[in-house]
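Visitor: So that you have it, the file is protein_8.cif, and it contains mmCIF, C-alpha atoms:
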data_input
#
loop_
_atom_site.label_atom_id
_atom_site.label_comp_id
_atom_site.auth_asym_id
_atom_site.auth_seq_id
_atom_site.Cartn_x
_atom_site.Cartn_y
_atom_site.Cartn_z
CA GLY J 262 88.55 69.87 112.08
CA ILE J 263 88.93 73.34 110.60
CA ALA J 264 87.70 72.22 107.18
CA ASP J 265 84.48 70.90 108.74
CA LEU J 266 83.98 74.11 110.69
CA ARG J 267 84.60 76.17 107.56
CA HIS J 268 82.04 74.10 105.66
CA GLU J 269 79.47 74.28 108.47
CA ILE J 270 79.69 78.06 108.83
CA SER J 271 79.84 78.74 105.09
CA THR J 272 76.70 76.65 104.52
CA SER J 273 74.72 77.84 107.53
CA SER J 274 73.07 81.23 107.21
CA PHE J 275 72.27 81.17 110.94
CA GLU J 276 75.94 81.04 111.94
CA ARG J 277 76.85 83.51 109.20
CA ASP J 278 74.32 85.93 110.66
CA LEU J 279 75.96 85.62 114.07
CA ILE J 280 79.42 86.70 112.85
CA PRO J 281 78.60 90.44 112.59
CA ILE J 282 76.92 90.37 116.00
CA LEU J 283 79.90 88.68 117.62
CA SER J 284 82.28 91.05 115.84
CA GLU J 285 80.44 94.11 117.10
CA MET J 286 80.54 92.70 120.64
CA LEU J 287 84.31 92.24 120.36
CA ILE J 288 84.77 95.76 119.00
CA LYS J 289 82.76 97.25 121.88
CA LYS J 290 84.63 95.24 124.48
CA ALA J 291 88.13 95.87 123.10
CA PRO J 292 88.69 99.34 124.66
CA LYS J 293 88.14 97.83 128.11
CA VAL J 294 90.54 94.93 127.55
CA SER J 295 94.18 95.21 128.64
CA ASP J 296 96.92 95.18 126.03
CA ALA J 297 98.24 91.89 127.40
CA LYS J 298 94.85 90.17 127.17
CA LEU J 299 94.08 91.61 123.74
CA GLY J 300 97.56 90.69 122.53
CA PHE J 301 96.89 87.10 123.51
CA ASP J 302 93.32 86.91 122.16
CA PHE J 303 93.29 88.95 118.95
CA PRO J 304 95.62 86.66 116.95
CA ARG J 305 93.21 83.77 117.60
CA VAL J 306 90.20 85.83 116.50
CA VAL J 307 91.97 87.13 113.38
CA ARG J 308 93.07 83.57 112.51
CA ALA J 309 89.51 82.26 112.84
CA PHE J 310 88.19 84.99 110.56
CA ALA J 311 90.99 84.37 108.05
CA LEU J 312 90.44 80.61 107.98
CA LEU J 313 86.72 81.16 107.45
CA GLU J 314 87.45 83.93 104.92
CA ILE J 315 85.23 86.38 106.80
CA ASN J 316 86.34 89.90 106.00
CA HIS J 317 84.62 91.87 108.77
CA ARG J 318 86.25 95.22 108.10
CA PRO J 319 85.32 97.01 111.33
CA LEU J 320 86.90 94.25 113.42
CA LEU J 321 89.99 94.06 111.20
CA LYS J 322 90.36 97.86 111.36
CA MET J 323 90.05 97.83 115.15
CA VAL J 324 92.81 95.22 115.46
CA ALA J 325 95.12 97.09 113.08
CA THR J 326 94.49 100.46 114.72
CA ARG J 327 94.89 99.23 118.27
CA CYS J 328 98.09 97.37 117.48
CA GLN J 329 99.68 100.31 115.72
CA LYS J 330 98.67 103.06 118.11
CA GLN J 331 99.62 101.25 121.28
CA SER J 332 102.75 99.45 120.05
CA MET J 333 101.23 96.15 121.08
CA LEU J 334 103.13 94.18 118.47
CA ARG J 335 106.19 94.00 120.72
CA GLU J 336 104.05 92.25 123.33
CA VAL J 337 102.58 89.62 121.00
CA ASN J 338 104.26 86.21 121.01
CA ASP J 339 105.92 84.87 117.85
CA TRP J 340 102.97 82.70 116.82
CA GLY J 341 100.55 85.60 117.26
CA LEU J 342 102.74 87.90 115.19
CA CYS J 343 103.10 85.25 112.49
CA VAL J 344 99.39 84.41 112.25
CA VAL J 345 98.34 88.06 112.13
CA THR J 346 100.96 88.67 109.43
CA TRP J 347 99.70 85.66 107.47
CA SER J 348 96.08 86.78 107.86
CA TYR J 349 96.63 90.37 106.76
CA SER J 350 99.04 89.40 103.96
CA ASP J 351 97.47 86.30 102.44
CA VAL J 352 93.76 86.63 103.23
CA PHE J 353 92.92 90.24 104.06
CA GLN J 354 94.92 91.94 101.31
CA ASP J 355 93.02 95.23 101.34
CA ALA J 356 95.15 98.24 100.47
CA GLU J 357 93.94 100.05 103.58
CA PHE J 358 95.94 97.59 105.71
CA SER J 359 99.25 98.21 103.93
CA GLU J 360 100.58 100.41 106.74
CA PHE J 361 99.67 97.73 109.28
CA ARG J 362 101.39 95.08 107.15
CA ASN J 363 104.49 97.30 107.14
CA SER J 364 104.34 97.50 110.95
CA LEU J 365 104.02 93.71 111.16
CA ARG J 366 107.01 93.23 108.84
CA ALA J 367 109.06 95.78 110.80
CA GLU J 368 108.40 93.87 114.04
CA ILE J 369 109.33 90.59 112.34
CA ALA J 370 112.59 92.14 111.14
CA ARG J 371 113.28 93.56 114.61
CA ARG J 372 112.95 90.10 116.18
CA GLY J 373 115.17 88.53 113.52
CA THR J 374 114.08 84.97 114.30
CA ILE J 375 110.89 84.58 112.25
CA THR J 376 110.99 82.98 108.81
CA GLU J 377 108.50 83.04 105.95
CA ASP J 378 107.85 79.35 106.57
CA MET J 379 106.89 80.13 110.17
CA ILE J 380 104.47 82.79 108.93
CA SER J 381 102.90 80.39 106.44
CA ARG J 382 102.61 77.53 108.95
CA SER J 383 101.12 79.73 111.68
CA GLN J 384 97.65 79.19 110.23
CA LEU J 385 97.89 75.61 111.57
CA GLY J 386 97.51 76.92 115.12
CA PRO J 387 99.65 77.83 118.11
CA ASP J 388 100.54 74.23 118.95
CA GLU J 389 101.02 72.81 115.45
CA TRP J 390 102.90 75.56 113.63
CA GLN J 391 106.41 74.57 114.71
CA THR J 392 106.07 70.78 114.59
#
Rewrite the structure of this file - the entire thing - as structure tokens.
Guide:
Amino acid sequence: GIADLRHEISTSSFERDLIPILSEMLIKKAPKVSDAKLGFDFPRVVRAFALLEINHRPLLKMVATRCQKQSMLREVNDWGLCVVTWSYSDVFQDAEFSEFRNSLRAEIARRGTITEDMISRSQLGPDEWQT
């Protein structure tokens, strides 16, 4: 499961070395990806980095910037919004993301159906978080 994957990546320098390379590939590809596709994919990527406690700042900045500038948050499903909120609030607590956290919280308030428990449980995954 996730714990095994976390252990494998945290103990393997080979896989750890691949993370920056994969991140840079995602950053380069992002401008060419539609908002709908990115809105579906980026919560999964952010969750993976959060679960593995990999703070790749350029990737995290790209996600925050793209979401804020293009108002993508309205397009993201509830699980995606919750897991990104959890990731940027509980794992990636850098002060530079405070404006993005405010945008996430504003979208949560606008929807009016998301609870703190839903945000916390979102780390379990898109299928398990509401069971």
Visitor: Taking all atoms listed in the file into account, which of J:Cys328, J:Leu312, J:Val352, J:Val306 comes nearest J:Ser364?
Guide: J:Cys328
Visitor: Go through J:Lys322, J:Phe301, J:Ile280, J:Glu377 one by one, measure the shortest atom-to-atom distance of each to J:Asn338 using only C-alpha atoms, and give the residue with the smallest value.
Guide: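 Result for the nearest residue to J:Asn338: J:Phe301.
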Visitor: In Å, how far is it from atom CA of J:Gln384 to atom CA of J:Val344?
Guide: 5.9 Å
Visitor: Counting all atoms listed in the file, figure out which residue out of J:Gly386, J:Val337, J:Ala356, J:Gln391 gets nearest to J:Arg372.
Guide: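 Ranking J:Gly386, J:Val337, J:Ala356, J:Gln391 by distance to J:Arg372, first place goes to J:Val337.
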Visitor: With only C-alpha atoms as the atoms that count, which of J:Ser284, J:Leu279, J:Ser383, J:Ser332 lies nearest to J:Pro304?
Guide: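 So, comparing all the options, the nearest one is J:Ser383.
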Visitor: I would like the residues chosen by the PyMOL selection byres ((chain J and resi 299) around 12) on the shown file; could you give them as a PyMOL selection string?
Guide: chain J and resi 287-288+290-298+300-307+323-324+327-328+331+333-334+336-338+341
Visitor: Which residue, J:Glu360, J:Cys343, J:Ser348, J:Gln354, has the smallest gap to J:Ala309 when you use all atoms listed in the file?
Guide: J:Ser348
Visitor: Between atom CA of J:Ile380 and atom CA of J:Gln329, what is the distance in Å, rounded to a tenth?
Guide: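 Result for atom CA of J:Ile380 versus atom CA of J:Gln329: 19.4 Å, one decimal.
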Visitor: Is there a way to complete stretch 309-320 of chain J with N, CA and C atoms and then write that out as a CSV table (one decimal), keeping the file's coordinate frame?
Guide:
chain,number,residue,atom,x,y,z
J,309,ALA,N,90.8,82.9,113.1
J,309,ALA,CA,89.5,82.3,112.8
J,309,ALA,C,88.8,82.9,111.7
J,310,PHE,N,88.8,84.3,111.7
J,310,PHE,CA,88.2,85.0,110.6
J,310,PHE,C,88.9,84.7,109.2
J,311,ALA,N,90.2,84.6,109.3
J,311,ALA,CA,91.0,84.4,108.0
J,311,ALA,C,90.7,83.0,107.5
J,312,LEU,N,90.7,82.0,108.4
J,312,LEU,CA,90.4,80.6,108.0
J,312,LEU,C,89.0,80.5,107.4
J,313,LEU,N,88.1,81.2,107.9
J,313,LEU,CA,86.7,81.2,107.4
J,313,LEU,C,86.5,82.2,106.3
J,314,GLU,N,87.5,82.9,106.0
J,314,GLU,CA,87.4,83.9,104.9
J,314,GLU,C,86.3,84.9,105.2
J,315,ILE,N,86.2,85.4,106.4
J,315,ILE,CA,85.2,86.4,106.8
J,315,ILE,C,86.0,87.7,106.9
J,316,ASN,N,85.7,88.6,106.0
J,316,ASN,CA,86.3,89.9,106.0
J,316,ASN,C,85.4,90.9,106.7
J,317,HIS,N,85.4,90.9,108.0
J,317,HIS,CA,84.6,91.9,108.8
J,317,HIS,C,85.5,93.1,109.0
J,318,ARG,N,85.3,94.1,108.1
J,318,ARG,CA,86.2,95.2,108.1
J,318,ARG,C,86.3,96.0,109.4
J,319,PRO,N,85.2,96.3,110.1
J,319,PRO,CA,85.3,97.0,111.3
J,319,PRO,C,86.2,96.3,112.4
J,320,LEU,N,86.1,95.0,112.5
J,320,LEU,CA,86.9,94.2,113.4
J,320,LEU,C,88.4,94.3,113.0
